[in-house]
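To keep things clear, I will list the structure first and then write my remarks on it.
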Amino acid sequence: MTTSPCASDALPGGTVDTPVQEVVNNEDGTLGGLRLTDGQVVARRVIAVATWMEARIEGLGGLKLPVEDLPDNMGRRFASGMAGTTEVPGVWVAGNATDLAAQVGASAAAGALAGAHINSMLATADTNAALAATQGETPAL
Ligand SMILES: Cc1cc2nc3c(=O)[nH]c(=O)nc-3n(C[C@H](O)[C@H](O)[C@H](O)COP(=O)(O)OP(=O)(O)OC[C@H]3O[C@@H](n4cnc5c(N)ncnc54)[C@H](O)[C@@H]3O)c2cc1C
């Protein structure tokens with residue numbers, strides 16, 4: 001809990017911005033509240049902790065893939081367009097790398113779509129190369 005940024009209080013009285021030091025239990029072991037770094041104890045029966053989600057970018061720095069922050073401090077993802085395309089030619093992203101809250105079904109579907117798009121790009125490139133080779137062998141009229 002020492003990394004939690006603050007104790008948020010949705011009840012009348014507003015928000016407490018003081019960082020949390022620890023969770024405090026009652027004598028019977030039930031949740032008692034939060035001790036803040038200034039020593040104050042905020043009594044609570046329920047605590048909700050929001051997580052920060054971030055795509056893992058270690059080892060991928062060389063690709064210089066653009067990342068972007070999501071609203072409301074939800075997290076950071078690889079920026080992507082249709083079918084997982086990125087601003088870096090030849091690099092697609094899918095699943096939680098770019099859709100941080102996607103579950104298995106959505107992640108798998110995004111991966112399949114990216115794969116289909118990659119296949120389409122490769123087929124188009126092959127066709128263009130074959131056409132160019134053919135045109136190179138045929139004298140211009
Ligand atoms: C606690 C928890 C519970 C969940 N429960 C459900 C559920 O019940 N139902 C559901 O549908 N979804 C659930 N999900 C979500 C589900 O896990 C994701 O939707 C899914 O795993 C996304 O698949 P992915 O392939 O995008 O990412 P991942 O499954 O995370 O796969 C990414 C892989 O890439 C590897 N990797 C990362 N960086 C590198 C690198 N630089 N080089 C090489 N490899 C690397 C990772 O080790 C990992 O194996 C849950 C997630 C969590 C965290």
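Numbering starts fresh at 1 for the residues of each chain in the structure tokens, the chains themselves are lettered A, B, ... in the order given, and ligands are numbered from 1 as they appear.
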Pull the alpha helix (DSSP H) assignments for chain A out of DSSP run on the backbone, and list those residues as a PDB file with C-alpha atoms, in the first residue's frame.
ATOM      1  CA  VAL A 104      -9.105 -13.167 -24.418  1.00  0.00           C
ATOM      2  CA  GLY A 105     -11.794 -13.152 -27.096  1.00  0.00           C
ATOM      3  CA  ALA A 106     -11.210  -9.564 -28.156  1.00  0.00           C
ATOM      4  CA  SER A 107      -7.418  -9.991 -28.018  1.00  0.00           C
ATOM      5  CA  ALA A 108      -7.533 -13.126 -30.155  1.00  0.00           C
ATOM      6  CA  ALA A 109      -9.859 -11.463 -32.656  1.00  0.00           C
ATOM      7  CA  ALA A 110      -7.532  -8.456 -32.884  1.00  0.00           C
ATOM      8  CA  GLY A 111      -4.580 -10.784 -33.455  1.00  0.00           C
ATOM      9  CA  ALA A 112      -6.453 -12.626 -36.197  1.00  0.00           C
ATOM     10  CA  LEU A 113      -7.404  -9.355 -37.870  1.00  0.00           C
ATOM     11  CA  ALA A 114      -3.807  -8.112 -37.718  1.00  0.00           C
ATOM     12  CA  GLY A 115      -2.648 -11.423 -39.197  1.00  0.00           C
ATOM     13  CA  ALA A 116      -5.178 -11.149 -42.023  1.00  0.00           C
ATOM     14  CA  HIS A 117      -4.030  -7.611 -42.753  1.00  0.00           C
ATOM     15  CA  ILE A 118      -0.370  -8.666 -42.760  1.00  0.00           C
ATOM     16  CA  ASN A 119      -1.245 -11.489 -45.168  1.00  0.00           C
ATOM     17  CA  SER A 120      -3.112  -9.054 -47.399  1.00  0.00           C
ATOM     18  CA  MET A 121      -0.132  -6.670 -47.454  1.00  0.00           C
ATOM     19  CA  LEU A 122       2.265  -9.515 -48.302  1.00  0.00           C
ATOM     20  CA  ALA A 123      -0.021 -10.879 -51.042  1.00  0.00           C
ATOM     21  CA  THR A 124      -0.333  -7.402 -52.530  1.00  0.00           C
ATOM     22  CA  ALA A 125       3.443  -6.913 -52.415  1.00  0.00           C
ATOM     23  CA  ASP A 126       4.004 -10.313 -54.062  1.00  0.00           C
ATOM     24  CA  THR A 127       1.488  -9.487 -56.778  1.00  0.00           C
ATOM     25  CA  ASN A 128       3.037  -6.089 -57.435  1.00  0.00           C
ATOM     26  CA  ALA A 129       6.511  -7.630 -57.601  1.00  0.00           C
ATOM     27  CA  ALA A 130       5.318 -10.294 -60.047  1.00  0.00           C
ATOM     28  CA  LEU A 131       3.608  -7.677 -62.175  1.00  0.00           C
ATOM     29  CA  ALA A 132       6.707  -5.489 -62.197  1.00  0.00           C
ATOM     30  CA  ALA A 133       8.863  -8.454 -63.216  1.00  0.00           C
ATOM     31  CA  THR A 134       6.454  -9.326 -65.998  1.00  0.00           C
ATOM     32  CA  GLN A 135       6.349  -5.760 -67.239  1.00  0.00           C
ATOM     33  CA  GLY A 136      10.129  -5.631 -67.100  1.00  0.00           C
ATOM     34  CA  GLU A 137      10.353  -8.616 -69.474  1.00  0.00           C
TER      35      GLU A 137
END
Practice task
Please provide the set of residues having any atom within 8 Å of Leu34 (chain A), restricted to only C-alpha atoms, with same-chain residues fewer than 2 positions apart removed, written as a ChimeraX atom specification.
Solution key: /A:7,20-24,32,36,41-44
Selection export as a PDB file, in the first residue's frame, atoms kept: C-alpha atoms:
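Listing of part-v2.pdb after writing:
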ATOM      1  CA  ALA A   7      -6.892   7.768   0.046  1.00  0.00           C
ATOM      2  CA  VAL A  20      -1.434   5.775   2.148  1.00  0.00           C
ATOM      3  CA  GLN A  21       1.058   4.125   4.478  1.00  0.00           C
ATOM      4  CA  GLU A  22      -0.785   0.939   5.365  1.00  0.00           C
ATOM      5  CA  VAL A  23      -4.072  -0.874   5.722  1.00  0.00           C
ATOM      6  CA  VAL A  24      -5.297  -0.997   9.299  1.00  0.00           C
ATOM      7  CA  GLY A  32     -10.591  -0.952   9.749  1.00  0.00           C
ATOM      8  CA  LEU A  36      -1.911   7.817   5.975  1.00  0.00           C
ATOM      9  CA  VAL A  41      -6.297   6.904  10.214  1.00  0.00           C
ATOM     10  CA  VAL A  42      -9.254   7.078   7.814  1.00  0.00           C
ATOM     11  CA  ALA A  43     -11.846   4.494   8.856  1.00  0.00           C
ATOM     12  CA  ARG A  44     -13.206   2.434   5.982  1.00  0.00           C
TER      13      ARG A  44
END
Compile a residue-level contact table for chain A against ligand 1 at a cut-off of 7 Å, reporting for every qualifying residue the shortest atom pair and its distance in Å to one decimal, with only C-alpha atoms and all ligand atoms counted, rows ordered by chain and ascending number, as a tab-separated table.
residue	atom	partner	partner_atom_place_in_ligand_line	distance
A:Arg56	CA	ligand 1	38 (N)	5.3
A:Ile57	CA	ligand 1	41 (N)	6.2
A:Glu58	CA	ligand 1	41 (N)	5.2
A:Gly59	CA	ligand 1	41 (N)	4.6
A:Leu60	CA	ligand 1	41 (N)	5.7
A:Ala94	CA	ligand 1	26 (O)	6.1
A:Gly95	CA	ligand 1	26 (O)	3.3
A:Asn96	CA	ligand 1	26 (O)	3.9
A:Ala97	CA	ligand 1	26 (O)	5.9
A:Ala101	CA	ligand 1	19 (O)	7.0
A:Ala102	CA	ligand 1	19 (O)	4.9
A:Gln103	CA	ligand 1	19 (O)	3.1
A:Val104	CA	ligand 1	19 (O)	3.7
A:Gly105	CA	ligand 1	11 (O)	5.8
A:Ser107	CA	ligand 1	26 (O)	5.2
A:Ala108	CA	ligand 1	23 (O)	6.9
Interface rows for region 15-55 of chain A against region 71-86 of chain A: nearest pair, Å to one decimal, 10 Å, only C-alpha atoms, as CSV:
residue,atom,partner,partner_atom,distance
A:Ala50,CA,A:Met74,CA,8.4
A:Thr51,CA,A:Met74,CA,7.4
A:Trp52,CA,A:Gly75,CA,5.1
A:Met53,CA,A:Gly75,CA,4.4
A:Glu54,CA,A:Arg76,CA,4.8
A:Ala55,CA,A:Arg77,CA,5.3
Please save N, CA and C atoms of the selected residues as a PDB file, in the first residue's frame.
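Result file follows (selection04.pdb):
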ATOM      1  N   ALA A  50      -7.535   1.427  -7.680  1.00  0.00           N
ATOM      2  CA  ALA A  50      -7.492   1.485  -9.142  1.00  0.00           C
ATOM      3  C   ALA A  50      -6.084   1.132  -9.609  1.00  0.00           C
ATOM      4  N   THR A  51      -6.006   0.308 -10.648  1.00  0.00           N
ATOM      5  CA  THR A  51      -4.688  -0.079 -11.152  1.00  0.00           C
ATOM      6  C   THR A  51      -4.319   0.739 -12.378  1.00  0.00           C
ATOM      7  N   TRP A  52      -3.028   0.899 -12.558  1.00  0.00           N
ATOM      8  CA  TRP A  52      -2.485   1.552 -13.752  1.00  0.00           C
ATOM      9  C   TRP A  52      -2.070   0.427 -14.694  1.00  0.00           C
ATOM     10  N   MET A  53      -2.572   0.436 -15.911  1.00  0.00           N
ATOM     11  CA  MET A  53      -2.239  -0.611 -16.880  1.00  0.00           C
ATOM     12  C   MET A  53      -1.224  -0.056 -17.872  1.00  0.00           C
ATOM     13  N   GLU A  54      -0.232  -0.860 -18.172  1.00  0.00           N
ATOM     14  CA  GLU A  54       0.790  -0.380 -19.106  1.00  0.00           C
ATOM     15  C   GLU A  54       1.296  -1.532 -19.965  1.00  0.00           C
ATOM     16  N   ALA A  55       1.285  -1.334 -21.264  1.00  0.00           N
ATOM     17  CA  ALA A  55       1.838  -2.339 -22.169  1.00  0.00           C
ATOM     18  C   ALA A  55       3.324  -2.482 -21.878  1.00  0.00           C
TER      19      ALA A  55
END
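From CA of Asp69 (chain A) back to CA of Val49 (chain A), the distance works out to 19.3 Å.
Note that CA of Ile47 (chain A) and CA of Leu100 (chain A) are 23.2 Å apart.
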Problem - Filtered DSSP result for region 66-118 of chain A, state strand (DSSP E), as number ranges by chain - result: A: 67-69, 75-78
Exercise for the section: Between CA of Leu70 (chain A) and CA of Thr37 (chain A), measure the distance and give it in Å to one decimal. Expected result: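 We find that CA of Leu70 (chain A) and CA of Thr37 (chain A) lie 28.8 Å from each other.
Take the candidates A:Glu68, A:Pro89, A:Pro19, A:Gly62 and check each one against Gln40 (chain A) using only C-alpha atoms; the shortest distance goes to A:Pro19.
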